[in-house]
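J.: The structure's right below; bear with me while I get my questions together.
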2 protein chains.
Amino acid sequence: MADKKLVEQITSMEEDFAQWYTDVVIKAELIGYTSVKGCMAIKPAGYAIWELIQKQLDERFKETGVQNVYMPMFIPESLLQKEKDHVEGFAPEVAWVTSGGLQPLQERLCVRPTSETLFCDFYKNDIHSYRDLPKVYNQWCSVVRWEKETRPFLRSREFLWQEGHTAHATAQEAEERTIQMLHVYADFCEEVLAIPVIQGRKTEKEKFAGAEATYTIEALMHDGKALQSGTSHNFGDGFARAFEIQYTDKDNTLKYVHQTSWGMTTRLIGALIMVHGDNSGLVLPPRVAPTQVVIVPIQQRKEGVLDMAYTLRDRLSSFRVKVDDTDKSPGWKFSEAEMRGIPVRAEIGPKDMEAGKCVLVRRDTGEKQECALDGLEEKVGELLETIQKEMLERARAHRDAHTYVARNMEEMGDILSRTPGFVKAMWCGCQECEDTIKEKFAATSRCMPFEQETLSDVCVCCGKPAKKMVYWGKAY
Amino acid sequence: MADKKLVEQITSMEEDFAQWYTDVVIKAELIGYTSVKGCMAIKPAGYAIWELIQKQLDERFKETGVQNVYMPMFIPESLLQKEKDHVEGFAPEVAWVTSGGLQPLQERLCVRPTSETLFCDFYKNDIHSYRDLPKVYNQWCSVVRWEKETRPFLRSREFLWQEGHTAHATAQEAEERTIQMLHVYADFCEEVLAIPVIQGRKTEKEKFAGAEATYTIEALMHDGKALQSGTSHNFGDGFARAFEIQYTDKDNTLKYVHQTSWGMTTRLIGALIMVHGDNSGLVLPPRVAPTQVVIVPIQQRKEGVLDMAYTLRDRLSSFRVKVDDTDKSPGWKFSEAEMRGIPVRAEIGPKDMEAGKCVLVRRDTGEKQECALDGLEEKVGELLETIQKEMLERARAHRDAHTYVARNMEEMGDILSRTPGFVKAMWCGCQECEDTIKEKFAATSRCMPFEQETLSDVCVCCGKPAKKMVYWGKAY
């Protein structure tokens with residue numbers, strides 16, 4: 001019975017995408033629900049994905065000179081209030097600590113929803129001279145936002161993330177770092193997660209509380225909804241003025257620093273599920289698959305079969321490889337491996353052994369092929385590369401096929417009601433038009449992409465002269 | 001002026017060990033103070049040590065089958081209260097969240113001081129059959145304990161750690177895992193941190209709140225005080241009974257699981273400082289040194305010197321190596337490298353280049369030697385191995401030289417007042433004698449070591465028949 005849990009039928013994504021998502025999250029054993037409302041337990045299969053994300057993202061950070069640090073998880077109320085827009089944006093969704101060690105606190109502390117204020121308070125004391133700049137710090141931690149509606153990975157009261165916080169001598173350097181980190185995010189999504197993204201700038205309405213400019217990468221999920229997958233903010237000197245972060249420049253005058261912040265979260269695991277998953281469960285790109293190859297022995301009680309499976313495992317040790325030597329039937333093992341999204345399944349039985357071969361099965365396409373045992377290491381390596389590459393191509397094709405152009409509100413309504421996806425449309429730059437589109441179609445401006453096109457001369461909503469092409473969409 | 005900060009004279013450890021410690025922590029730029037009382041900011045030089053600790057400890061965990069997970073940071077009050085001894089131990093030092101998202105909470109949540117209750121709540125739902133056992137989970141996270149007096153790394157209101165939580169079918173398996181993880185900790189301290197430790201069991205008075213047995217590793221600091229450096233607890237089935245964690249065994253009967261937990265913290269960085277540091281600053285064992293080799297160019301403006309420094313850096317790229325190419329004087333660079341505890345300094349100038357050699361200086365002994373550039377890679381590798389090995393030997397010699405035997409209270413008082421260190425003494429097993437020793441000498445029982453000796457037949461305190469040899473000491 002215990003075996004069955006994993007491979008019970010899951011809801012099909014065509015029938016009910018939200019239920020399919022929940023089924024996959026639970027059946028692939030990524031999370032467990034907890035007694036703490038809105039908070040999840042990330043189980044080994046889920047956390048192992050996060051570790052692979054962390055490791056590869058952190059390496060990319062360090063290549064650009066990022067240094068990791070750790071700041072406190074509490075923010076005194078007076079500190080949170082120093083930057084006006086920032087506190088307005090976050091105060092409504094924070095958790096407050098009011099007593100510690102049996103005593104009421106003299107000042108409430110909020111549990112960090114994000115750490116701009118803490119980094120500013122730190123930089124204020126740590127930055128004196130132009131020699132102290134730039135500071136390019138990052139931390140990996142958890143943050144808390146008191147969400148009313150929560151969904152595993154996509155929106156939870158506590159989530160894991162990284163938050164980079166930098167300080168620079170000039171506005172230009174800050175802007176360059178903001179864009180640089182957005183590019184790091186975009187490359188990471190495409191090369192590691194096999195998720196293509198649109199890079200662009202958020203509108204004033206959608207930008208981060210306290211930022212001068214917010215840049216974003218936006219991905220399209222299988223159901224045609226958008227997912228904001230990473231953001232990078234340029235604060236200008238706004239926080240520096242609020243927190244008095246000044247340095248003595250080479251010309252011996254006091255100047256304010258210019259700051260940025262940028263973050264990515266466990267929500268990326270939600271993106272992996274919704275971009276690549278299918279009705280058999282999770283489909284993981286090889287670079288973030290905790291197990292890349294599962295070896296399933298066929299007729300494993302026959303002499304030599306299990307030994308051969310272990311031999312192959314040892315030969316494949318440059319990959320993340322496992323033998324499923326449990327006493328379940330091969331059919332169960334196949335279904336389990338599919339549910340967990342393991343990229344390659346290798347089947348080896350007595351007949352294969354006689355013929356000096358095994359069978360390799362791709363999780364992403366279901367394609368089977370025989371492979372001579374002689375060249376197995378090379379073949380598996382190539383196959384994993386191919387899978388990684390083709391998963392990105394398929395996701396890109398899906399996104400492109402679900403990216404539409406709307407020239408007027410009727411077209412926009414048609415598209416968004418019929419088959420959700422990205423809608424490219426011109427915009428005049430007014431928040432009123434954004435509000436109207438949100439009200440009518442429940443769609444928001446996702447970003448003003450760096451790669452602009454001129455689809456028409458006028459705003460899709462009000463008909464006034466257009467300033468920008470915008471990606472619109474329904475979003476998670 | 002900015003250069004000077006790092007190399008100002010620090011207080012000597014003989015004059016004021018506590019002030020020396022604080023000076024090193026600040027001058028080596030390991031931490032910064034924050035506006036959040038009792039919480040520290042871990043700066044890049046400090047966090048990089050923690051990353052090296054994490055990486056190497058995590059690898060050792062995984063070799064023993066540990067899987068990483070992540071549990072919520074909040075514990076509902078009712079959950080904390082389920083195990084009586086546990087709540088009594090921790091409730092007085094927790095921080096309480098009482099409102100979230102502008103609303104008062106219906107039930108207070110404490111910020112985890114440790115996560116036994118959360119793991120139990122999780123295991124209760126996740127463990128059904130003997131097939132689900134063992135569970136060998138760990139998480140890396142921060143925890144909060146509302147301490148009154150705080151010191152960087154040694155005792156702070158928030159600190160980073162790992163906490164392993166396991167569930168087993170039998171009492172024997174739980175005890176084996178408890179001891180196994182203690183051995184992992186001891187090996188890690190000796191092989192990676194070059195800190196020798198005493199392994200043993202805590203007395204009833206000193207054991208963890210809710211545990212059946214607590215095991216500990218105890219290290220001796222340079223000032224003769226003890227530091228509890230890691231603990232491993234066997235809970236028996238106490239938590240399982242409180243939380244109703246049962247499984248169906250092979251014989252189809254319901255049984256309670258047996259549990260363990262074990263943890264190590266950022267306090268290890270404090271131990272590194274106090275075991276290895278000297279009056280020039282930090283001394284890091286090569287395996288946890290963020291920079292293992294610093295190359296200092298001499299007369300760096302002379303043609304070819306900087307290029308040679310970069311060439312050597314590239315040749316030494318299998319180590320963690322840096323060139324100090326700032327415009328500071330070589331003397332400043334030496335002092336800075338010493339303050340930061342970099343194990344090897346390589347000096348290269350025009351004369352060295354002519355002679356085809358460089359100068360290597362050990363941080364731990366100050367010893368200088370010339371080294372032909374031809375065999376530099378091998379030489380540096382050997383030197384780092386030698387330093388790692390000899391730092392452990394020196395720390396062990398210091399510990400052994402400060403381990404004393406006391407046969408009666410007079411001897412014990414003499415030792416502890418004259419020159420603190422470990423005091424080995426026999427004990428009858430009564431808490432009253434522990435209380436008396438604490439009251440008289442401010443010393444506590446550190447552990448009942450696995451390696452027992454018979455120093456005499458009677459308790460050092462009451463003179464009644466002795467049951468155990470105990471290590472006593474003043475402790476951080």
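Identifiers for the structure tokens are assigned positionally: chains receive A, B, ... in sequence, residues are indexed from 1 per chain, and ligands are indexed from 1 in the order shown.
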For Val323 of chain B, please output as a list in words all residues within 10 Å (counting only C-alpha atoms; exclusion window: fewer than 3 positions along the same chain).
T.: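 The residues satisfying every condition are Val293, Val294, Ile295, Val296, Pro297, Leu306, Ala309, Tyr310, Leu312, Arg313, Thr326, Arg345 and Ala346 of chain B.
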J.: Excluding same-chain residues fewer than 5 positions from segment 112-122 of chain A, what lies within 7 Å of it counting only C-alpha atoms, as a list in words?
T.: Met71, Met73, Phe74, Ile75, Leu79, Leu80, Val94, Val143, Val144, Arg145, His165 and Phe243 of chain A; Thr34 of chain B
J.: Report as a ChimeraX atom specification: the residues of segment 134-252 of chain A with a DSSP assignment of strand (DSSP E), based on the backbone of this structure.
T.: /A:135-144,158-168,198-201,213-220,226-236,246-248
J.: Please dump the current selection as a JSON list (two decimals), in the first residue's frame; keep C-alpha atoms.
T.:
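Result written to part-v8.json:
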```
[["chain", "number", "residue", "atom", "x", "y", "z"],
["A", 135, "LYS", "CA", 29.81, 46.79, -1.45],
["A", 136, "VAL", "CA", 28.32, 43.82, -3.25],
["A", 137, "TYR", "CA", 26.73, 41.69, -0.56],
["A", 138, "ASN", "CA", 24.16, 38.91, -0.68],
["A", 139, "GLN", "CA", 22.46, 36.68, 1.86],
["A", 140, "TRP", "CA", 20.62, 33.36, 1.66],
["A", 141, "CYS", "CA", 17.86, 33.28, 4.24],
["A", 142, "SER", "CA", 14.13, 33.01, 4.83],
["A", 143, "VAL", "CA", 11.72, 35.92, 4.89],
["A", 144, "VAL", "CA", 8.16, 36.31, 6.14],
["A", 158, "GLU", "CA", 7.67, 32.10, 4.96],
["A", 159, "PHE", "CA", 9.86, 31.41, 1.97],
["A", 160, "LEU", "CA", 13.54, 30.90, 1.20],
["A", 161, "TRP", "CA", 15.41, 33.27, -1.05],
["A", 162, "GLN", "CA", 18.57, 35.17, -1.68],
["A", 163, "GLU", "CA", 18.67, 38.93, -1.44],
["A", 164, "GLY", "CA", 21.56, 40.91, -2.87],
["A", 165, "HIS", "CA", 22.13, 44.45, -1.55],
["A", 166, "THR", "CA", 24.79, 46.65, -3.06],
["A", 167, "ALA", "CA", 26.14, 50.16, -2.56],
["A", 168, "HIS", "CA", 28.02, 52.13, -5.22],
["A", 198, "ILE", "CA", 11.34, 38.02, -20.94],
["A", 199, "GLN", "CA", 13.60, 40.71, -19.46],
["A", 200, "GLY", "CA", 12.27, 44.17, -18.93],
["A", 201, "ARG", "CA", 11.35, 46.99, -16.64],
["A", 213, "ALA", "CA", 13.35, 51.35, -11.09],
["A", 214, "THR", "CA", 12.47, 47.66, -10.87],
["A", 215, "TYR", "CA", 13.57, 45.20, -13.54],
["A", 216, "THR", "CA", 12.05, 41.76, -13.85],
["A", 217, "ILE", "CA", 12.27, 38.43, -15.62],
["A", 218, "GLU", "CA", 8.89, 36.99, -16.55],
["A", 219, "ALA", "CA", 8.23, 33.38, -17.44],
["A", 220, "LEU", "CA", 5.15, 31.79, -18.97],
["A", 226, "ALA", "CA", 2.88, 34.60, -16.14],
["A", 227, "LEU", "CA", 5.24, 34.12, -13.22],
["A", 228, "GLN", "CA", 7.55, 36.89, -12.05],
["A", 229, "SER", "CA", 10.71, 34.84, -11.52],
["A", 230, "GLY", "CA", 13.27, 37.34, -10.27],
["A", 231, "THR", "CA", 13.56, 41.08, -9.75],
["A", 232, "SER", "CA", 16.38, 43.60, -9.59],
["A", 233, "HIS", "CA", 15.89, 47.08, -8.17],
["A", 234, "ASN", "CA", 17.78, 50.32, -8.55],
["A", 235, "PHE", "CA", 17.19, 52.53, -5.50],
["A", 236, "GLY", "CA", 19.17, 55.52, -6.66],
["A", 246, "GLN", "CA", 27.51, 58.94, 2.84],
["A", 247, "TYR", "CA", 31.10, 58.50, 1.78],
["A", 248, "THR", "CA", 34.02, 60.87, 1.32]]
```
J.: Write out as a ChimeraX atom specification every residue belonging to chain A that has an atom at most 8 Å from any atom of chain B, counting only C-alpha atoms.
T.: /A:2,32,34-36,39-44,46-48,67-76,91-102,121-122,129,131,137,141,145-147,158
J.: Which residues come within 7 Å of segment 81-86 of chain B, counting only C-alpha atoms, excluding same-chain residues fewer than 3 positions away, as an mmCIF file with C-alpha atoms, in the first residue's frame?
T.:
```
data_model
loop_
_atom_site.group_PDB
_atom_site.id
_atom_site.type_symbol
_atom_site.label_atom_id
_atom_site.label_comp_id
_atom_site.auth_asym_id
_atom_site.auth_seq_id
_atom_site.Cartn_x
_atom_site.Cartn_y
_atom_site.Cartn_z
ATOM 1 C CA GLU B 77 2.327 27.858 21.344
ATOM 2 C CA SER B 78 0.215 24.708 21.671
ATOM 3 C CA GLY B 89 13.506 24.399 29.148
ATOM 4 C CA PHE B 90 12.795 26.718 26.269
ATOM 5 C CA ALA B 209 15.374 19.697 27.876
ATOM 6 C CA GLY B 210 13.379 16.620 26.917
ATOM 7 C CA PHE B 239 8.650 12.967 22.115
ATOM 8 C CA ALA B 242 3.891 13.263 23.472
ATOM 9 C CA PHE B 243 3.251 13.736 19.739
#
```
J.: If you run DSSP on the backbone, which residues of segment 162-367 of chain A are helix (DSSP H, G or I), as number ranges by chain?
T.: A: 171-191, 238-243, 267-276, 286-288, 305-315, 330-340, 350-355
J.: Report, in Å with one decimal, the straight-line distance from atom CA of Gly65 of chain B to atom CA of Gly341 of chain A.
T.: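 A separation of 21.6 Å between them.
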J.: Please report the interatomic distance between atom CA of Tyr256 of chain B and atom CA of Ala211 of chain B in Å with one decimal.
T.: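 These atoms are spaced 15.7 Å apart.
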J.: Would you mind listing what lies within 12 Å of Ala337 of chain A as number ranges by chain, with only C-alpha atoms counted and same-chain residues fewer than 2 positions away left out?
T.: A: 6-7, 27-29, 45, 280-284, 289-296, 322-324, 330-335, 339-347, 361-364
J.: For atom CA of Glu338 of chain A and atom CA of Thr386 of chain A, quote the distance in Å rounded to one decimal.
T.: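 Computing it gives 18.1 Å between the two atoms.
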J.: Using only C-alpha atoms, can you tell me which of A:Cys459, A:Ile127, A:Val423, A:Ile195 comes closest to Trp472 of chain A?
T.: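 Using only C-alpha atoms, the shortest distance to Trp472 of chain A belongs to A:Val423.
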J.: What lies within 9 Å of Gly463 of chain A using only C-alpha atoms, ignoring chain neighbours under 6 positions off, as a PyMOL selection string?
T.: chain A and resi 408+427-428+457
J.: Which is closer to Pro420 of chain B than all the others in B:Asp223, B:Glu354, B:Asp187, B:Glu59, using only C-alpha atoms?
T.: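 For Pro420 of chain B, the nearest of the candidates is B:Asp223.
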J.: May I have the residues within 10 Å of Glu190 of chain A as an MDAnalysis selection string, using only C-alpha atoms and disregarding those fewer than 2 positions away in the same chain?
T.: chainID A and resid 185:188 192:197 388:389 391:393 395:396
J.: Neighbours of Gly349 of chain A within 7 Å (only C-alpha atoms; same-chain residues fewer than 5 positions away dropped), as a PyMOL selection string?
T.: chain A and resi 297-299+305
